[in-house]
Every structure is written in C-alpha cells, then in structure tokens.
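Working notes, structure below.
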Amino acid sequence: MLKRNTRLMQWIVTALVTISFGLAHAGPQIQHWQTENGARVYYVPAPELPMLDIRIIFDAAGARDDIPGVALMTNGLLEEGTGKMNADEIADAFAAVGAQFGSSSHRDMSIVSLRSLTQTDLLDKAVDTMTQVINQPSFPEESLERERKRMLIALQGKKQSPGAIAKETFFTELYGDHPYANEATGTEETVKQIKRSHLIEHHKRYYVGRNTIIAIVGAVDRKQAEALAEKIIGPLPPGKPAQAIPEVNSLAKASLVKKEFPSSQTHLLVGQPAVKRGDDDYFALFVGNHILGGSGLVSRLSEEIREKRGLSYSTYSYFSPMRQRGPFQLGLQTRNDQAEEALEILKQTLVEFMEKGPSKDELESAKKNITGGFALNLDSNSKIIENIAMIGFYQLPLDYLDTYTDKIDAVSIEQIKAAFKRHVQPDKMVTVMVGGEAE
C-alpha cells in the first residue's frame with residue numbers, strides 16, 4: 001500500500017513538473033466555440049491528471065443590481081434547492097462523488113464552479129447536480145431569510161472595520177451614481193427589501209445562454225467538453241446579453257473625505273477611475289505600477305514610506321481593470337499622528353514617478369520579476385481556468401497568455417510615462433481617511 005501511494009505521489013509530482021515546464025515556454029492552447037443557445041465556451045485539455053474544472057461566468061453581478069445585494073443573494077442561493085433536491089441533498093450529492101462546488105459574485109461577474117474526478121460515474125453525478133442547481137433553483141423562502149440575516153450581520157460587522165468603511169467610501173466617491181459604486185453585499189436598507197421574486201427575476205433575466213461564459217480545463221477531450229457544455233447550459237433559454245455597462249466619467253476635481261473611527265491607525269486610500277480590460281496601455285501600466293507600488297517591500301512607495309521614514313508597515317498601489325474603467329488605488333495604514341505626512345509622501349512619490357519614470361535598472365528588474373514568475377500563474381488547472389475565464393469574460397485575444405511575456409518585455413520607460421499620463425491625474429484624485437484623532 002505504501003509503495004503504491006509513493007508511486008502515485010511520484011507520478012503526480014512528475015506530471016506537475018511537466019506541466020509547469022511546458023507552460024513556462026508557452027501558454028495553454030485555448031479552444032473556443034459557442035453552444036446552441038449562445039454561451040461562449042473556452043476549453044483547455046489537461047490530460048495529465050484525472051481531474052476536471054468547470055467555471056461558469058454570468059454577466060449577472062453587482063453592476064446589474066436594481067436593488068444592491070440581489071445578484072449576490074441570487075448566486076449564493078443557487079445551491080439551496082432545486083425542483084427535485086433540497087440544500088442538504090445537493091451538498092450530499094456533491095460530497096458523495098468527491099466533487100467541490102462553489103459560487104461567488106462581484107461587481108462585474110457572478111461565478112459558479114465545479115471540480116470533479118473524471119471517472120465517468122463520479123463526473124456524471126457531479127455534472128447532473130450542477131446542471132440542476134444552475135437551471136432549476138427554487139430559492140426557498142427559509143434560505144432567503146437565513147441569508148438575509150447573515151448578510152445583515154456581515155453589514156453590521158463592516159461598521160466595526162475602518163478598512164471596510166474606507167473601501168466602501170472610496171468606491172462611492174469614485175463612482176457616484178455609476179453601477180460600480182454599489183457594493184455587492186448591498187446595504188442594510190436594500191438587503192431588507194429583497195424578496196424571492198427579485199431573485200427569480202434576476203435569474204430569469206441574466207442566467208441565460210447569451211449571457212454566459214463557460215471555461216473547461218481537464219482530462220476530457222474536445223467532444224466530451226462540447227457535450228458537457230451543452231448538458232449544463234443547454235437547458236437555459238438563449239435570452240439576451242446584458243446591456244453594456246455605462247462608461248465611467250472622469251473625476252472633475254480632487255476630493256478629501258475624512259471619517260472618524262475610534263482606532264489608533266488611519267486607513268488611507270487614494271485613487272481614481274483609470275483603465276478597463278483590453279486597453280492598449282494595460283501592460284505599460286502594469287509594469288510601471290509593479291515598480292511604483294505593486295512589488296511589495298521593494299517598490300518605490302515602500303522605499304519612501306516604510307524604509308526611509310517608517311510611516312507604515314506596508315503600502316501599495318494597483319490597477320484593477322474591469323468592463324469599464326476600474327480603479328487605480330494607492331493605500332496604506334499608519335498611526336493617526338502620521339497620517340498627513342504619509343499622505344503627502346504618497347502623493348509626492350506618485351508625482352515624481354510620473355514625471356521621471358522608472359530607472360533602467362528598475363525596469364529590467366520588474367520585467368524579470370514578472371516574466372520569471374509567469375509560469376507560476378499557470379501551474380495548476382485552477383489557475384489556468386481562472387485565466388481563461390478572464391479571457392473569455394472580457395473577450396481578450398485567445399493568444400493573450402502566449403504573448404504575455406513578450407508584451408511585458410516590450411514595455412519601455414517612455415511607454416510607462418505616457419500611459420500613466422493618459423490614465424492618472426494626480427490633481428484629480430479621491431482621498432479617503434478613516435481613523436481616530438492624532439494624539
């Protein structure tokens with residue numbers, strides 16, 4: 001028994017090394033087609049391990065909410081019951097075949113996922129259960145009320161977190177009346193308004209073929225992948241794609257929001273709407289930000305704020321592209337009496353970086369760091385499916401992963417400076433500070 005287990009582990013390790021080595025030289029070959037009802041399918045064969053990952057993405061998230069919180073609750077209650085099974089029976093059905101089912105909902109997308117062994121009897125049962133959950137959710141009233149109570153408790157908990165308060169205030173100030181201003185969790189007021197009919201209507205409107213992306217990665221061939229996609233999504237009506245998300249307006253001026261909170265530390269966020277998925281400047285912005293604040297303790301921000309002045313344990317910056325312009329965000333935590341100084345250094349560092357750009361050494365180091373770690377972003381089926389789901393949802397080129405490192409290597413100092421100039425205006429940024437009085 002021990003020898004057999006040892007051989008199995010050796011085989012798995014060898015397979016994973018082989019996968020990682022191959023992916024270090026080229027991205028996975030993505031195959032793409034549509035189901036009969038209009039869902040877009042993205043498939044990568046991975047025969048090395050007897051596993052299958054399926055990720056289904058619906059354009060049905062918080063940005064689609066008429067009542068904030070509906071999308072999250074609809075997605076979360078899918079597995080609470082169907083026309084034939086209750087929540088316990090669904091959970092038992094997945095557990096009986098060793099399958100893992102999950103769901104989540106964000107601003108841009110709602111996700112349902114499945115991981116299963118590919119042994120026929122196990123996979124068939126897991127897929128049958130997933131198909132019922134997606135196509136025939138019953139949204140039981142008792143589950144709705146239980147989820148409502150849980151969400152209300154979570155919203156109360158947010159009020160005790162200066163970080164959560166800062167984040168919510170930041171998005172409200174950035175996006176105003178745009179759908180991106182809505183938190184997926186909703187508010188206490190909106191969560192109390194949600195009825196079962198709202199969930200049914202949301203599912204009917206957005207959980208349809210033409211509003212769906214399916215990512216499949218694992219030990220199945222193309223014919224099996226096509227059959228799986230048709231089986232799971234085929235029963236959904238074709239429907240219509242969700243309407244385009246409105247464009248995000250640029251900020252007209254700078255703003256500062258300070259909120260009192262009884263804490264010894266101030267949470268500080270600075271930023272503005274900046275870039276959407278697929279923008280030509282993305283790679284220049286990504287490499288530039290890696291140098292500015294995206295590379296942890298060796299970034300410019302960390303050097304100026306942590307190392308030289310000891311104002312914060314950590315500080316960061318990042319671009320978060322979405323369907324429309326997602327935020328460019330800089331942030332840190334610091335003692336209340338140091339908050340103003342930390343804010344000033346944060347802004348000065350950004351302005352100086354934009355004016356002078358990175359040094360040649362910084363640029364080469366960033367490129368090596370990003371491209372050297374690229375294979376680790378594709379070293380498992382779960383990471384591959386996350387990437388191809390992103391490619392499918394945002395309709396990026398199928399060779400996006402193949403050309404990724406080349407595009408990183410092609411970034412120049414002048415491209416970084418020009419891209420930051422086009423997308424970042426330091427004099428028109430939202431600043432949010434949540435903390436206590438300086439002692």
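Chains: A, B, ... in order of the structure tokens. Residues: from 1 per chain. Ligands: from 1, in order shown.
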Could you name the residues that touch Phe420 of chain A at 12 Å or less, counting only C-alpha atoms, but leaving out those on the same chain fewer than 6 positions away, as a short mmCIF file (atom, residue, chain, number, x, y, z; two decimals) with N, CA and C atoms, in the first residue's frame?
```cif
data_model
loop_
_atom_site.label_atom_id
_atom_site.label_comp_id
_atom_site.auth_asym_id
_atom_site.auth_seq_id
_atom_site.Cartn_x
_atom_site.Cartn_y
_atom_site.Cartn_z
N ALA A 274 -9.48 54.49 -13.78
CA ALA A 274 -8.28 54.58 -14.61
C ALA A 274 -8.33 53.79 -15.90
N VAL A 275 -8.55 52.47 -15.84
CA VAL A 275 -8.34 51.65 -17.04
C VAL A 275 -9.33 50.48 -17.07
N ASP A 281 -2.89 50.30 -23.19
CA ASP A 281 -1.88 50.74 -22.23
C ASP A 281 -1.72 49.81 -21.04
N TYR A 282 -2.48 48.71 -21.00
CA TYR A 282 -2.51 47.89 -19.78
C TYR A 282 -1.11 47.40 -19.39
N PHE A 283 -0.34 46.87 -20.34
CA PHE A 283 0.95 46.29 -19.98
C PHE A 283 1.93 47.35 -19.49
N ALA A 284 1.91 48.52 -20.09
CA ALA A 284 2.78 49.60 -19.62
C ALA A 284 2.37 50.03 -18.21
N LEU A 285 1.08 50.12 -17.96
CA LEU A 285 0.60 50.49 -16.63
C LEU A 285 0.95 49.41 -15.61
N PHE A 286 0.82 48.15 -16.00
CA PHE A 286 1.09 47.04 -15.09
C PHE A 286 2.57 47.01 -14.69
N VAL A 287 3.44 47.12 -15.68
CA VAL A 287 4.87 47.11 -15.38
C VAL A 287 5.25 48.34 -14.55
N GLY A 288 4.73 49.51 -14.94
CA GLY A 288 5.03 50.72 -14.18
C GLY A 288 4.56 50.63 -12.75
N ASN A 289 3.38 50.12 -12.55
CA ASN A 289 2.86 50.02 -11.19
C ASN A 289 3.62 48.99 -10.37
N LEU A 292 6.21 51.07 -9.01
CA LEU A 292 5.69 52.10 -8.10
C LEU A 292 5.23 51.53 -6.78
N PHE A 319 -3.64 48.75 -10.31
CA PHE A 319 -4.72 49.00 -11.25
C PHE A 319 -5.65 47.79 -11.22
N PHE A 328 -7.60 52.91 -10.11
CA PHE A 328 -6.19 52.94 -9.74
C PHE A 328 -6.19 53.33 -8.27
N LEU A 350 4.14 59.47 -6.15
CA LEU A 350 3.41 59.24 -7.39
C LEU A 350 3.77 60.30 -8.44
N VAL A 351 3.75 61.57 -8.05
CA VAL A 351 4.04 62.66 -8.98
C VAL A 351 5.46 62.53 -9.53
N GLU A 352 6.41 62.25 -8.65
CA GLU A 352 7.80 62.12 -9.09
C GLU A 352 7.97 60.94 -10.05
N PHE A 353 7.29 59.85 -9.74
CA PHE A 353 7.37 58.68 -10.62
C PHE A 353 6.81 58.99 -12.00
N MET A 354 5.71 59.72 -12.03
CA MET A 354 5.09 60.05 -13.31
C MET A 354 5.96 61.02 -14.11
N GLU A 355 6.65 61.93 -13.44
CA GLU A 355 7.48 62.91 -14.13
C GLU A 355 8.76 62.29 -14.69
N LYS A 356 9.41 61.45 -13.88
CA LYS A 356 10.72 60.92 -14.25
C LYS A 356 10.67 59.49 -14.78
N GLY A 357 9.62 58.78 -14.41
CA GLY A 357 9.55 57.38 -14.81
C GLY A 357 10.51 56.52 -14.02
N PRO A 358 10.53 55.24 -14.27
CA PRO A 358 11.46 54.35 -13.57
C PRO A 358 12.87 54.44 -14.16
N ILE A 413 10.49 52.71 -20.86
CA ILE A 413 10.31 53.78 -19.89
C ILE A 413 9.36 54.84 -20.44
N GLU A 414 9.53 55.22 -21.70
CA GLU A 414 8.67 56.24 -22.29
C GLU A 414 7.22 55.77 -22.39
N PRO A 426 -2.92 63.11 -10.98
CA PRO A 426 -2.69 63.26 -9.54
C PRO A 426 -3.45 64.42 -8.90
#
```
Problem set entry | Who sits within 10 Å of Ala87 of chain A, only C-alpha atoms, same chain under 3 positions skipped, as a PyMOL selection string | chain A and resi 77-82+90-93+133+140+143
Preceding selection exported with C-alpha atoms as a short mmCIF file (atom, residue, chain, number, x, y, z; two decimals), in the first residue's frame:
```
data_model
loop_
_atom_site.label_atom_id
_atom_site.label_comp_id
_atom_site.auth_asym_id
_atom_site.auth_seq_id
_atom_site.Cartn_x
_atom_site.Cartn_y
_atom_site.Cartn_z
CA LEU A 77 -28.81 30.64 -3.02
CA LEU A 78 -28.46 28.57 -6.20
CA GLU A 79 -27.36 25.54 -4.19
CA GLU A 80 -30.07 25.94 -1.55
CA GLY A 81 -32.65 23.95 -3.50
CA THR A 82 -33.96 22.86 -6.87
CA ILE A 90 -27.42 18.90 -3.03
CA ALA A 91 -24.49 19.05 -0.60
CA ASP A 92 -24.63 15.28 -0.09
CA ALA A 93 -24.75 14.66 -3.85
CA VAL A 133 -28.51 23.90 -9.46
CA PRO A 140 -36.60 28.63 -0.77
CA SER A 143 -32.99 30.03 2.86
#
```
Using only C-alpha atoms, what does the table of segment 75-180 of chain A residues within 8 Å of segment 194-210 of chain A look like, with each row giving the shortest atom pair and its distance in Å to one decimal, sorted by chain and ascending number, as a Markdown table?
```
| residue | atom | partner | partner_atom | distance |
| --- | --- | --- | --- | --- |
| A:Phe139 | CA | A:Arg196 | CA | 6.8 |
| A:Pro140 | CA | A:Arg196 | CA | 7.9 |
| A:Glu141 | CA | A:Arg196 | CA | 6.8 |
| A:Leu144 | CA | A:Arg196 | CA | 7.1 |
```
Using only C-alpha atoms, please write the residues we just selected to a file, as a compact mmCIF listing (two decimals), in the first residue's frame.
```txt
# COMPACT_ATOMS: atom_id res chain seq x y z
CA PHE A 139 -34.79 29.92 -3.89
CA PRO A 140 -36.60 28.63 -0.77
CA GLU A 141 -38.07 31.31 1.46
CA LEU A 144 -33.66 33.59 1.74
```
Problem set entry | Expected answer as a list of chain:residue names: strand (DSSP E or B) residues in segment 224-305 of chain A | A:Ser255, A:Leu256, A:Val257, A:Lys258, A:Lys259, A:Glu260, A:Gln265, A:Thr266, A:His267, A:Leu268, A:Leu269, A:Val270, A:Gly271, A:Gln272, A:Pro273, A:Ala274, A:Val275, A:Lys276
For this session: Find the spatial neighbours of Thr371 of chain A, counting only C-alpha atoms, within a cut-off of 10 Å - ignore same-chain residues fewer than 6 positions away - and output them as a ChimeraX atom specification.
Result: /A:24,404-409
I need the chosen residues saved as a PDB file, in the first residue's frame, with N, CA and C atoms.
```
ATOM      1  N   ALA A  24       5.961  27.292 -18.932  1.00  0.00           N
ATOM      2  CA  ALA A  24       6.966  28.343 -18.840  1.00  0.00           C
ATOM      3  C   ALA A  24       7.378  28.822 -20.224  1.00  0.00           C
ATOM      4  N   TYR A 404       1.916  37.192 -23.566  1.00  0.00           N
ATOM      5  CA  TYR A 404       2.003  37.968 -22.330  1.00  0.00           C
ATOM      6  C   TYR A 404       3.435  38.408 -22.021  1.00  0.00           C
ATOM      7  N   THR A 405       4.375  37.467 -21.967  1.00  0.00           N
ATOM      8  CA  THR A 405       5.739  37.830 -21.587  1.00  0.00           C
ATOM      9  C   THR A 405       6.403  38.708 -22.643  1.00  0.00           C
ATOM     10  N   ASP A 406       6.079  38.477 -23.918  1.00  0.00           N
ATOM     11  CA  ASP A 406       6.638  39.338 -24.973  1.00  0.00           C
ATOM     12  C   ASP A 406       6.181  40.783 -24.795  1.00  0.00           C
ATOM     13  N   LYS A 407       4.908  40.950 -24.424  1.00  0.00           N
ATOM     14  CA  LYS A 407       4.393  42.310 -24.244  1.00  0.00           C
ATOM     15  C   LYS A 407       4.997  42.973 -23.006  1.00  0.00           C
ATOM     16  N   ILE A 408       5.253  42.186 -21.972  1.00  0.00           N
ATOM     17  CA  ILE A 408       5.936  42.729 -20.796  1.00  0.00           C
ATOM     18  C   ILE A 408       7.348  43.178 -21.175  1.00  0.00           C
ATOM     19  N   ASP A 409       8.056  42.317 -21.895  1.00  0.00           N
ATOM     20  CA  ASP A 409       9.438  42.628 -22.285  1.00  0.00           C
ATOM     21  C   ASP A 409       9.526  43.842 -23.205  1.00  0.00           C
TER      22      ASP A 409
END
```
For this session: Measuring atom to atom with only C-alpha atoms, identify which of A:Gly373, A:Pro50, A:Gly27, A:Gly326 is nearest to Asp279 of chain A.
Result: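 Of A:Gly373, A:Pro50, A:Gly27, A:Gly326, the one nearest Asp279 of chain A, counting only C-alpha atoms, is A:Gly326.
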Exercise. How many Å lie between atom CA of Tyr400 of chain A and atom CA of Thr212 of chain A, rounded to one decimal?
Worked result: 20.4 Å
For this session: Write out as an MDAnalysis selection string which residues come within 9 Å of segment 221-229 of chain A when counting only C-alpha atoms, dropping same-chain ones fewer than 2 positions away.
Result: chainID A and resid 31 33 35 39 41 43:47 127 214 216:219 231:234
Seminar exercise, completed: What separates atom CA of Phe171 of chain A and atom CA of Ile388 of chain A is a distance of 27.4 Å
For this session: Excluding Glu183 of chain A and any residue of its chain fewer than 5 positions from it, enumerate the residues within 8 Å of it, using only C-alpha atoms, and give them as an MDAnalysis selection string.
Result: chainID A and resid 62 68:69 107 168
For this session: Enumerate, as a ChimeraX atom specification, the complete set of residues in segment 38-157 of chain A that a backbone-based DSSP assignment places in alpha helix (DSSP H).
Result: /A:70-76,87-96,120-135,141-157
Generate a file of the selected residues that holds N, CA and C atoms, formatted as a short mmCIF file (atom, residue, chain, number, x, y, z; two decimals), in the first residue's frame.
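Output saved as again-v7.cif:
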```cif
data_model
loop_
_atom_site.label_atom_id
_atom_site.label_comp_id
_atom_site.auth_asym_id
_atom_site.auth_seq_id
_atom_site.Cartn_x
_atom_site.Cartn_y
_atom_site.Cartn_z
N VAL A 70 -29.02 41.87 -4.61
CA VAL A 70 -29.81 40.84 -5.28
C VAL A 70 -28.90 39.85 -6.02
N ALA A 71 -27.91 40.36 -6.75
CA ALA A 71 -27.03 39.48 -7.52
C ALA A 71 -26.28 38.52 -6.61
N LEU A 72 -25.75 39.03 -5.52
CA LEU A 72 -25.01 38.20 -4.57
C LEU A 72 -25.91 37.15 -3.95
N MET A 73 -27.12 37.53 -3.58
CA MET A 73 -28.03 36.59 -2.95
C MET A 73 -28.53 35.54 -3.95
N THR A 74 -28.80 35.96 -5.18
CA THR A 74 -29.23 35.01 -6.21
C THR A 74 -28.17 33.94 -6.42
N ASN A 75 -26.93 34.38 -6.59
CA ASN A 75 -25.84 33.45 -6.81
C ASN A 75 -25.61 32.54 -5.60
N GLY A 76 -25.69 33.13 -4.42
CA GLY A 76 -25.42 32.36 -3.21
C GLY A 76 -26.49 31.33 -2.88
N ALA A 87 -31.29 21.66 0.01
CA ALA A 87 -29.89 22.05 0.19
C ALA A 87 -29.03 20.90 0.70
N ASP A 88 -29.56 20.14 1.66
CA ASP A 88 -28.79 19.01 2.20
C ASP A 88 -28.55 17.95 1.15
N GLU A 89 -29.55 17.67 0.35
CA GLU A 89 -29.41 16.66 -0.70
C GLU A 89 -28.41 17.10 -1.77
N ILE A 90 -28.40 18.38 -2.07
CA ILE A 90 -27.42 18.90 -3.03
C ILE A 90 -26.01 18.75 -2.47
N ALA A 91 -25.81 19.17 -1.22
CA ALA A 91 -24.49 19.05 -0.60
C ALA A 91 -24.04 17.60 -0.54
N ASP A 92 -24.96 16.71 -0.18
CA ASP A 92 -24.63 15.28 -0.09
C ASP A 92 -24.29 14.71 -1.46
N ALA A 93 -24.99 15.17 -2.50
CA ALA A 93 -24.75 14.66 -3.85
C ALA A 93 -23.33 15.01 -4.32
N PHE A 94 -22.89 16.23 -4.05
CA PHE A 94 -21.52 16.61 -4.40
C PHE A 94 -20.50 15.86 -3.56
N ALA A 95 -20.77 15.76 -2.25
CA ALA A 95 -19.82 15.10 -1.35
C ALA A 95 -19.68 13.62 -1.68
N ALA A 96 -20.76 12.98 -2.09
CA ALA A 96 -20.74 11.54 -2.36
C ALA A 96 -19.80 11.15 -3.48
N THR A 120 -16.09 8.24 -14.96
CA THR A 120 -17.38 8.51 -15.60
C THR A 120 -18.55 8.61 -14.62
N ASP A 121 -18.69 7.61 -13.74
CA ASP A 121 -19.85 7.62 -12.83
C ASP A 121 -19.79 8.79 -11.86
N LEU A 122 -18.58 9.17 -11.42
CA LEU A 122 -18.44 10.29 -10.49
C LEU A 122 -18.71 11.62 -11.20
N LEU A 123 -18.13 11.79 -12.38
CA LEU A 123 -18.30 13.04 -13.11
C LEU A 123 -19.75 13.24 -13.53
N ASP A 124 -20.39 12.18 -14.00
CA ASP A 124 -21.79 12.30 -14.44
C ASP A 124 -22.69 12.79 -13.31
N LYS A 125 -22.50 12.24 -12.12
CA LYS A 125 -23.35 12.64 -10.99
C LYS A 125 -23.07 14.08 -10.57
N ALA A 126 -21.80 14.46 -10.57
CA ALA A 126 -21.46 15.83 -10.20
C ALA A 126 -22.05 16.83 -11.20
N VAL A 127 -21.93 16.51 -12.49
CA VAL A 127 -22.45 17.40 -13.54
C VAL A 127 -23.97 17.45 -13.50
N ASP A 128 -24.62 16.31 -13.24
CA ASP A 128 -26.08 16.30 -13.13
C ASP A 128 -26.55 17.24 -12.03
N THR A 129 -25.87 17.20 -10.89
CA THR A 129 -26.25 18.06 -9.76
C THR A 129 -26.00 19.53 -10.10
N MET A 130 -24.85 19.82 -10.70
CA MET A 130 -24.55 21.20 -11.09
C MET A 130 -25.58 21.72 -12.08
N THR A 131 -25.98 20.89 -13.02
CA THR A 131 -26.97 21.29 -14.02
C THR A 131 -28.29 21.67 -13.37
N GLN A 132 -28.72 20.87 -12.42
CA GLN A 132 -29.96 21.20 -11.70
C GLN A 132 -29.84 22.51 -10.95
N VAL A 133 -28.71 22.70 -10.28
CA VAL A 133 -28.51 23.90 -9.46
C VAL A 133 -28.59 25.16 -10.31
N ILE A 134 -27.98 25.12 -11.50
CA ILE A 134 -27.95 26.30 -12.36
C ILE A 134 -29.28 26.54 -13.06
N ASN A 135 -29.91 25.46 -13.50
CA ASN A 135 -31.11 25.59 -14.32
C ASN A 135 -32.42 25.62 -13.55
N GLU A 141 -37.87 30.15 0.60
CA GLU A 141 -38.07 31.31 1.46
C GLU A 141 -37.23 31.23 2.73
N GLU A 142 -37.16 30.03 3.32
CA GLU A 142 -36.41 29.91 4.57
C GLU A 142 -34.91 30.17 4.35
N SER A 143 -34.39 29.77 3.18
CA SER A 143 -32.99 30.03 2.86
C SER A 143 -32.77 31.53 2.61
N LEU A 144 -33.74 32.15 1.97
CA LEU A 144 -33.66 33.59 1.74
C LEU A 144 -33.58 34.34 3.06
N GLU A 145 -34.42 33.98 4.01
CA GLU A 145 -34.42 34.68 5.29
C GLU A 145 -33.14 34.42 6.06
N ARG A 146 -32.64 33.20 5.98
CA ARG A 146 -31.38 32.88 6.66
C ARG A 146 -30.23 33.68 6.05
N GLU A 147 -30.20 33.77 4.73
CA GLU A 147 -29.15 34.52 4.06
C GLU A 147 -29.29 36.02 4.34
N ARG A 148 -30.52 36.50 4.42
CA ARG A 148 -30.74 37.92 4.75
C ARG A 148 -30.14 38.24 6.12
N LYS A 149 -30.41 37.38 7.10
CA LYS A 149 -29.87 37.61 8.44
C LYS A 149 -28.35 37.58 8.43
N ARG A 150 -27.79 36.63 7.68
CA ARG A 150 -26.33 36.54 7.62
C ARG A 150 -25.73 37.80 7.00
N MET A 151 -26.35 38.29 5.91
CA MET A 151 -25.84 39.48 5.24
C MET A 151 -25.98 40.71 6.13
N LEU A 152 -27.07 40.80 6.87
CA LEU A 152 -27.25 41.95 7.76
C LEU A 152 -26.22 41.94 8.89
N ILE A 153 -25.91 40.76 9.40
CA ILE A 153 -24.87 40.65 10.44
C ILE A 153 -23.51 41.06 9.86
N ALA A 154 -23.24 40.62 8.62
CA ALA A 154 -21.99 40.98 7.96
C ALA A 154 -21.89 42.49 7.74
N LEU A 155 -23.00 43.11 7.37
CA LEU A 155 -23.01 44.55 7.16
C LEU A 155 -22.80 45.30 8.47
N GLN A 156 -23.35 44.76 9.56
CA GLN A 156 -23.09 45.35 10.88
C GLN A 156 -21.61 45.24 11.22
N GLY A 157 -21.03 44.08 10.87
CA GLY A 157 -19.61 43.87 11.13
C GLY A 157 -18.73 44.86 10.39
#
```
Exercise. Which residue, A:Gln34, A:Asn182, A:Gln29, A:Val298, has the smallest gap to Ser365 of chain A when you use only C-alpha atoms?
Worked result: A:Val298
For this session: For each of A:Val191, A:Val257, A:Ile165, A:Met390, take the minimum atom-to-atom distance to Asp108 of chain A, counting only C-alpha atoms, then give the residue where this is smallest.
Result: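 Distance minimum relative to Asp108 of chain A lands on A:Met390.
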Problem set entry | Polymer residues at most 8 Å from Leu174 of chain A, only C-alpha atoms, same-chain spacing of 6 or more positions, as number ranges by chain | A: 181, 251, 271-273, 327, 430
Exercise. Near segment 299-304 of chain A, counting only C-alpha atoms, which residues have an atom at most 10 Å away, once you skip same-chain residues fewer than 3 positions from it, shown as JSON, numbers by chain?
Worked result: {"A": [289, 290, 291, 292, 293, 294, 295, 296, 307, 308, 309, 310, 311, 312, 313, 314, 315, 316, 317, 330, 331, 332, 342, 345, 346, 347, 348, 349, 350, 353, 358, 362, 366]}
Taking N, CA and C atoms for each residue, export the selection above as a short mmCIF file (atom, residue, chain, number, x, y, z; two decimals), in the first residue's frame.
```cif
data_model
loop_
_atom_site.label_atom_id
_atom_site.label_comp_id
_atom_site.auth_asym_id
_atom_site.auth_seq_id
_atom_site.Cartn_x
_atom_site.Cartn_y
_atom_site.Cartn_z
N ASN A 289 3.38 50.12 -12.55
CA ASN A 289 2.86 50.02 -11.19
C ASN A 289 3.62 48.99 -10.37
N HIS A 290 4.13 47.95 -11.02
CA HIS A 290 4.95 46.97 -10.31
C HIS A 290 6.13 47.67 -9.64
N ILE A 291 6.68 48.65 -10.32
CA ILE A 291 7.81 49.42 -9.79
C ILE A 291 7.33 50.42 -8.74
N LEU A 292 6.21 51.07 -9.01
CA LEU A 292 5.69 52.10 -8.10
C LEU A 292 5.23 51.53 -6.78
N GLY A 293 4.34 50.53 -6.81
CA GLY A 293 3.78 50.05 -5.55
C GLY A 293 3.23 48.63 -5.59
N GLY A 294 3.51 47.92 -6.68
CA GLY A 294 2.94 46.59 -6.82
C GLY A 294 3.87 45.44 -6.53
N SER A 295 5.08 45.75 -6.09
CA SER A 295 6.07 44.68 -5.87
C SER A 295 6.46 44.53 -4.41
N GLY A 296 5.57 44.92 -3.52
CA GLY A 296 5.80 44.71 -2.10
C GLY A 296 6.88 45.60 -1.52
N GLU A 307 10.69 52.26 4.43
CA GLU A 307 12.12 52.13 4.71
C GLU A 307 12.75 53.44 5.17
N LYS A 308 12.50 54.52 4.45
CA LYS A 308 13.15 55.78 4.78
C LYS A 308 12.54 56.48 5.98
N ARG A 309 11.20 56.35 6.15
CA ARG A 309 10.54 57.17 7.17
C ARG A 309 9.79 56.35 8.22
N GLY A 310 9.60 55.07 8.00
CA GLY A 310 8.92 54.23 9.00
C GLY A 310 7.48 54.65 9.27
N LEU A 311 6.81 55.16 8.24
CA LEU A 311 5.45 55.68 8.44
C LEU A 311 4.38 54.59 8.34
N SER A 312 4.69 53.47 7.72
CA SER A 312 3.70 52.42 7.55
C SER A 312 4.40 51.09 7.39
N TYR A 313 3.80 50.04 7.91
CA TYR A 313 4.39 48.70 7.74
C TYR A 313 4.35 48.27 6.29
N SER A 314 3.26 48.60 5.61
CA SER A 314 3.17 48.26 4.18
C SER A 314 2.35 49.32 3.46
N THR A 315 2.68 49.53 2.21
CA THR A 315 1.93 50.44 1.35
C THR A 315 1.91 49.84 -0.04
N TYR A 316 0.94 50.19 -0.83
CA TYR A 316 0.75 49.50 -2.11
C TYR A 316 0.07 50.42 -3.12
N SER A 317 0.07 49.97 -4.37
CA SER A 317 -0.75 50.58 -5.41
C SER A 317 -1.07 49.51 -6.43
N LEU A 330 -4.13 53.57 -4.43
CA LEU A 330 -2.95 53.56 -3.57
C LEU A 330 -3.45 53.52 -2.14
N GLY A 331 -2.75 52.81 -1.28
CA GLY A 331 -3.24 52.72 0.09
C GLY A 331 -2.17 52.38 1.09
N LEU A 332 -2.49 52.66 2.36
CA LEU A 332 -1.62 52.31 3.48
C LEU A 332 -2.39 52.46 4.78
N ALA A 342 2.19 60.84 5.85
CA ALA A 342 2.20 59.67 4.96
C ALA A 342 1.46 59.98 3.66
N ILE A 345 3.72 62.15 1.41
CA ILE A 345 4.79 61.38 0.77
C ILE A 345 4.23 60.47 -0.31
N LEU A 346 3.06 59.88 -0.06
CA LEU A 346 2.40 59.03 -1.05
C LEU A 346 2.17 59.80 -2.35
N LYS A 347 1.61 60.99 -2.23
CA LYS A 347 1.31 61.80 -3.42
C LYS A 347 2.59 62.29 -4.10
N GLN A 348 3.58 62.71 -3.30
CA GLN A 348 4.85 63.16 -3.88
C GLN A 348 5.53 62.06 -4.67
N THR A 349 5.50 60.84 -4.13
CA THR A 349 6.15 59.71 -4.80
C THR A 349 5.47 59.40 -6.12
N LEU A 350 4.14 59.47 -6.15
CA LEU A 350 3.41 59.24 -7.39
C LEU A 350 3.77 60.30 -8.44
N PHE A 353 7.29 59.85 -9.74
CA PHE A 353 7.37 58.68 -10.62
C PHE A 353 6.81 58.99 -12.00
N PRO A 358 10.53 55.24 -14.27
CA PRO A 358 11.46 54.35 -13.57
C PRO A 358 12.87 54.44 -14.16
N GLU A 362 15.46 49.59 -12.57
CA GLU A 362 14.13 49.25 -12.03
C GLU A 362 13.28 48.55 -13.08
N ALA A 366 11.94 44.72 -12.85
CA ALA A 366 10.50 44.46 -12.85
C ALA A 366 10.13 43.46 -13.93
#
```
Problem set entry | Given only C-alpha atoms as the counted atoms, nearest of A:Asn37, A:Gln100, A:Gln160, A:Thr431 to Asn211 of chain A |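 For Asn211 of chain A, the nearest of the given residues is A:Asn37.
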